[in-house]
file model_22.cif (mmCIF, C-alpha atoms and all ligand atoms)
data_final
#
loop_
_atom_site.label_atom_id
_atom_site.label_comp_id
_atom_site.auth_asym_id
_atom_site.auth_seq_id
_atom_site.Cartn_x
_atom_site.Cartn_y
_atom_site.Cartn_z
CA MET A 20 50.30 64.61 -16.76
CA GLU A 21 47.95 64.89 -13.82
CA LEU A 22 47.12 62.09 -11.45
CA ASN A 23 44.68 63.90 -9.21
CA GLY A 24 40.99 63.19 -9.13
CA ASN A 25 39.96 59.59 -9.56
CA GLY A 26 43.51 58.28 -9.71
CA TYR A 27 44.69 55.03 -11.25
CA GLY A 28 41.21 53.49 -11.46
CA TYR A 29 40.59 55.83 -14.37
CA PHE A 30 43.06 53.89 -16.48
CA LEU A 31 41.60 50.52 -15.69
CA SER A 32 37.88 51.28 -15.82
CA ARG A 33 36.01 50.37 -18.95
CA GLN A 34 33.68 52.80 -20.64
CA ALA A 35 32.89 54.83 -17.54
CA SER A 36 30.70 57.20 -19.52
CA GLY A 37 29.27 54.58 -21.85
CA VAL A 38 31.15 56.02 -24.80
CA ARG A 39 33.09 53.48 -26.81
CA LYS A 40 36.46 55.12 -26.99
CA ARG A 41 39.81 54.97 -25.31
CA LYS A 42 39.88 57.03 -22.17
CA ALA A 43 43.54 57.91 -22.16
CA THR A 44 46.02 58.59 -24.88
CA ARG A 45 49.07 56.43 -25.45
CA GLY A 46 51.45 59.11 -24.22
CA GLU A 47 49.53 59.52 -20.97
CA VAL A 48 49.50 55.79 -20.33
CA GLU A 49 53.21 55.47 -21.07
CA ALA A 50 53.92 58.30 -18.63
CA LEU A 51 51.75 56.58 -16.00
CA VAL A 52 53.45 53.22 -16.43
CA GLU A 53 56.87 54.84 -16.23
CA LEU A 54 55.82 56.73 -13.12
CA LEU A 55 54.43 53.56 -11.51
CA THR A 56 57.55 51.57 -12.33
CA GLU A 57 59.84 54.31 -11.10
CA SER A 58 58.03 54.70 -7.82
CA SER A 59 57.82 50.94 -7.33
CA VAL A 60 61.58 50.67 -7.79
CA THR A 61 62.10 53.40 -5.21
CA LEU A 62 59.63 51.73 -2.88
CA ALA A 63 61.21 48.28 -3.23
CA ALA A 64 63.97 49.11 -0.77
CA THR A 65 61.51 49.80 2.04
CA ASP A 66 58.31 47.89 1.22
CA LEU A 67 58.83 45.12 -1.32
CA PRO A 68 55.30 43.59 -1.24
CA LEU A 69 53.70 46.96 -1.91
CA ALA A 70 56.26 47.72 -4.61
CA LYS A 71 55.42 44.41 -6.31
CA GLU A 72 51.74 45.23 -6.20
CA GLN A 73 52.45 48.57 -7.81
CA ALA A 74 54.59 46.94 -10.48
CA SER A 75 51.88 44.44 -11.30
CA LEU A 76 49.43 47.32 -11.62
CA ALA A 77 51.82 48.94 -14.09
CA ARG A 78 51.95 45.65 -15.99
CA ARG A 79 48.18 45.37 -16.10
CA VAL A 80 47.87 48.92 -17.44
CA MET A 81 50.54 48.11 -20.02
CA MET A 82 48.70 45.01 -21.19
CA ARG A 83 45.35 46.72 -21.37
CA PHE A 84 46.72 49.49 -23.56
CA ASN A 85 49.09 47.21 -25.43
CA ILE A 86 52.14 49.37 -24.96
CA LYS A 87 55.77 48.38 -24.79
CA LEU A 88 58.41 50.19 -22.85
CA GLY A 89 62.07 50.82 -23.47
CA TYR A 90 64.88 48.89 -21.84
CA PRO A 91 65.35 51.10 -18.74
CA THR A 92 61.79 50.49 -17.57
CA LYS A 93 61.41 46.98 -18.95
CA SER A 94 64.59 45.80 -17.25
CA PHE A 95 62.90 45.91 -13.84
CA THR A 96 60.57 43.08 -14.77
CA CYS A 97 61.73 39.47 -14.57
CA HIS A 98 60.98 37.49 -17.71
CA GLY A 99 60.67 34.33 -15.69
CA CYS A 100 58.11 35.24 -13.02
CA LYS A 101 56.99 38.65 -14.37
CA SER A 102 57.45 40.26 -11.00
CA LEU A 103 59.36 43.37 -10.01
CA MET A 104 63.11 42.91 -9.95
CA VAL A 105 65.29 45.56 -8.34
CA PRO A 106 69.07 45.23 -8.23
CA GLY A 107 70.26 45.19 -4.63
CA VAL A 108 66.85 44.14 -3.35
CA ASN A 109 65.80 40.97 -5.13
CA ALA A 110 68.10 40.85 -8.13
CA ARG A 111 71.80 40.37 -8.77
CA VAL A 112 73.61 42.08 -11.63
CA ARG A 113 76.74 40.57 -13.15
CA LEU A 114 78.75 41.51 -16.19
CA GLY A 115 79.68 38.87 -18.72
CA HIS A 116 83.02 39.52 -20.36
CA GLY A 117 82.45 37.30 -23.35
CA ARG A 118 81.92 38.32 -26.92
CA PRO A 119 79.49 40.00 -27.25
CA PRO A 120 79.57 41.44 -23.72
CA THR A 121 76.38 40.84 -21.74
CA VAL A 122 74.74 41.97 -18.56
CA ARG A 123 73.18 39.17 -16.54
CA VAL A 124 70.47 40.09 -14.10
CA THR A 125 69.53 37.16 -11.89
CA CYS A 126 66.09 37.28 -10.31
CA LEU A 127 66.39 36.12 -6.71
CA GLU A 128 62.66 35.35 -6.58
CA CYS A 129 62.64 32.59 -9.19
CA GLY A 130 66.30 32.27 -10.20
CA HIS A 131 65.70 33.25 -13.81
CA ILE A 132 68.67 34.88 -15.51
CA ASN A 133 67.75 37.83 -17.69
CA ARG A 134 70.44 38.57 -20.24
CA LYS A 135 71.01 41.82 -22.05
CA ILE A 136 73.50 41.86 -24.87
CA LEU A 137 75.41 45.11 -24.99
CA ARG A 138 75.91 46.74 -28.33
CA GLN A 139 79.15 45.90 -30.08
CA PRO A 140 81.50 48.85 -30.50
ZN ZN A 201 61.79 35.99 -11.53
#

call {"tool": "encode", "arguments": {"input": "model_22.cif", "output": "structure tokens"}}
result
Amino acid sequence: MELNGNGYGYFLSRQASGVRKRKATRGEVEALVELLTESSVTLAATDLPLAKEQASLARRVMMRFNIKLGYPTKSFTCHGCKSLMVPGVNARVRLGHGRPPTVRVTCLECGHINRKILRQP
């Protein structure tokens, strides 16, 4: 997809031309959200406030277009405070050796523990 021209505002503006239809297709929006999340994760190591802003933009786009993302992208959002959560920056990842095995990602912003149950073999 292309991001040149009017940029991200395109995805958040309502009815720029007065025509009542969706401006972007689902695939385009999903690609944008993934791109935003990816770049915010990369950015988190150097500029966390900006990365959070970018992540919240991705969230807003997601909510406007009512799309859900897969685990790899979704896992960077804390379910407690809804902010960006990057392991090594503001999150801690621990493995649970119980049955079933889990991955615990603790958000260091709010302390919420996000659990992911791994598939049973
Ligand atoms: Zn949190």

call {"tool": "closest_residue", "arguments": {"input": "model_22.cif", "among": "A:Gly107, A:Gly117, A:Gly99, A:Pro91", "to": "ligand ZN 201 (chain A)", "atoms": "all atoms listed in the file"}}
result
A:Gly99

call {"tool": "residues_near_ligand", "arguments": {"input": "model_22.cif", "ligand": "ligand ZN 201 (chain A)", "cutoff": "10 Å", "atoms": "all atoms listed in the file", "output": "PyMOL selection string"}}
result
chain A and resi 96-104+109-110+124-133

call {"tool": "closest_residue", "arguments": {"input": "model_22.cif", "among": "A:Val112, A:Ala70, A:Ala64, A:Val80", "to": "Glu47 in chain A", "atoms": "only C-alpha atoms"}}
result
A:Val80

call {"tool": "atom_distance", "arguments": {"input": "model_22.cif", "atom1": "CA of Glu57 in chain A", "atom2": "CA of Ile86 in chain A"}}
result
16.6 Å

call {"tool": "axis_aligned_box", "arguments": {"input": "model_22.cif", "around": "range 59-75 of chain A", "padding_each_side": "8 Å", "output": "AutoDock Vina command-line options"}}
result
--center_x 57.9 --center_y 48.5 --center_z -4.6 --size_x 28.2 --size_y 25.8 --size_z 29.3

call {"tool": "atom_distance", "arguments": {"input": "model_22.cif", "atom1": "CA of Phe84 in chain A", "atom2": "CA of Arg45 in chain A"}}
result
7.6 Å

call {"tool": "closest_residue", "arguments": {"input": "model_22.cif", "among": "A:Gly115, A:Gly46, A:Pro106, A:Pro68", "to": "Met81 in chain A", "atoms": "all atoms listed in the file"}}
result
A:Gly46

call {"tool": "atom_distance", "arguments": {"input": "model_22.cif", "atom1": "CA of Tyr90 in chain A", "atom2": "CA of Thr44 in chain A"}}
result
21.4 Å

call {"tool": "residues_near_point", "arguments": {"input": "model_22.cif", "point": "(52.3, 46.0, -10.0)", "cutoff": "12 Å", "atoms": "only C-alpha atoms", "output": "ChimeraX atom specification"}}
result
/A:27,52-60,62-63,67-82,95-96,101-104

call {"tool": "closest_residue", "arguments": {"input": "model_22.cif", "among": "A:Arg111, A:Glu49, A:Val105, A:Val122", "to": "Gly89 in chain A", "atoms": "only C-alpha atoms"}}
result
A:Glu49
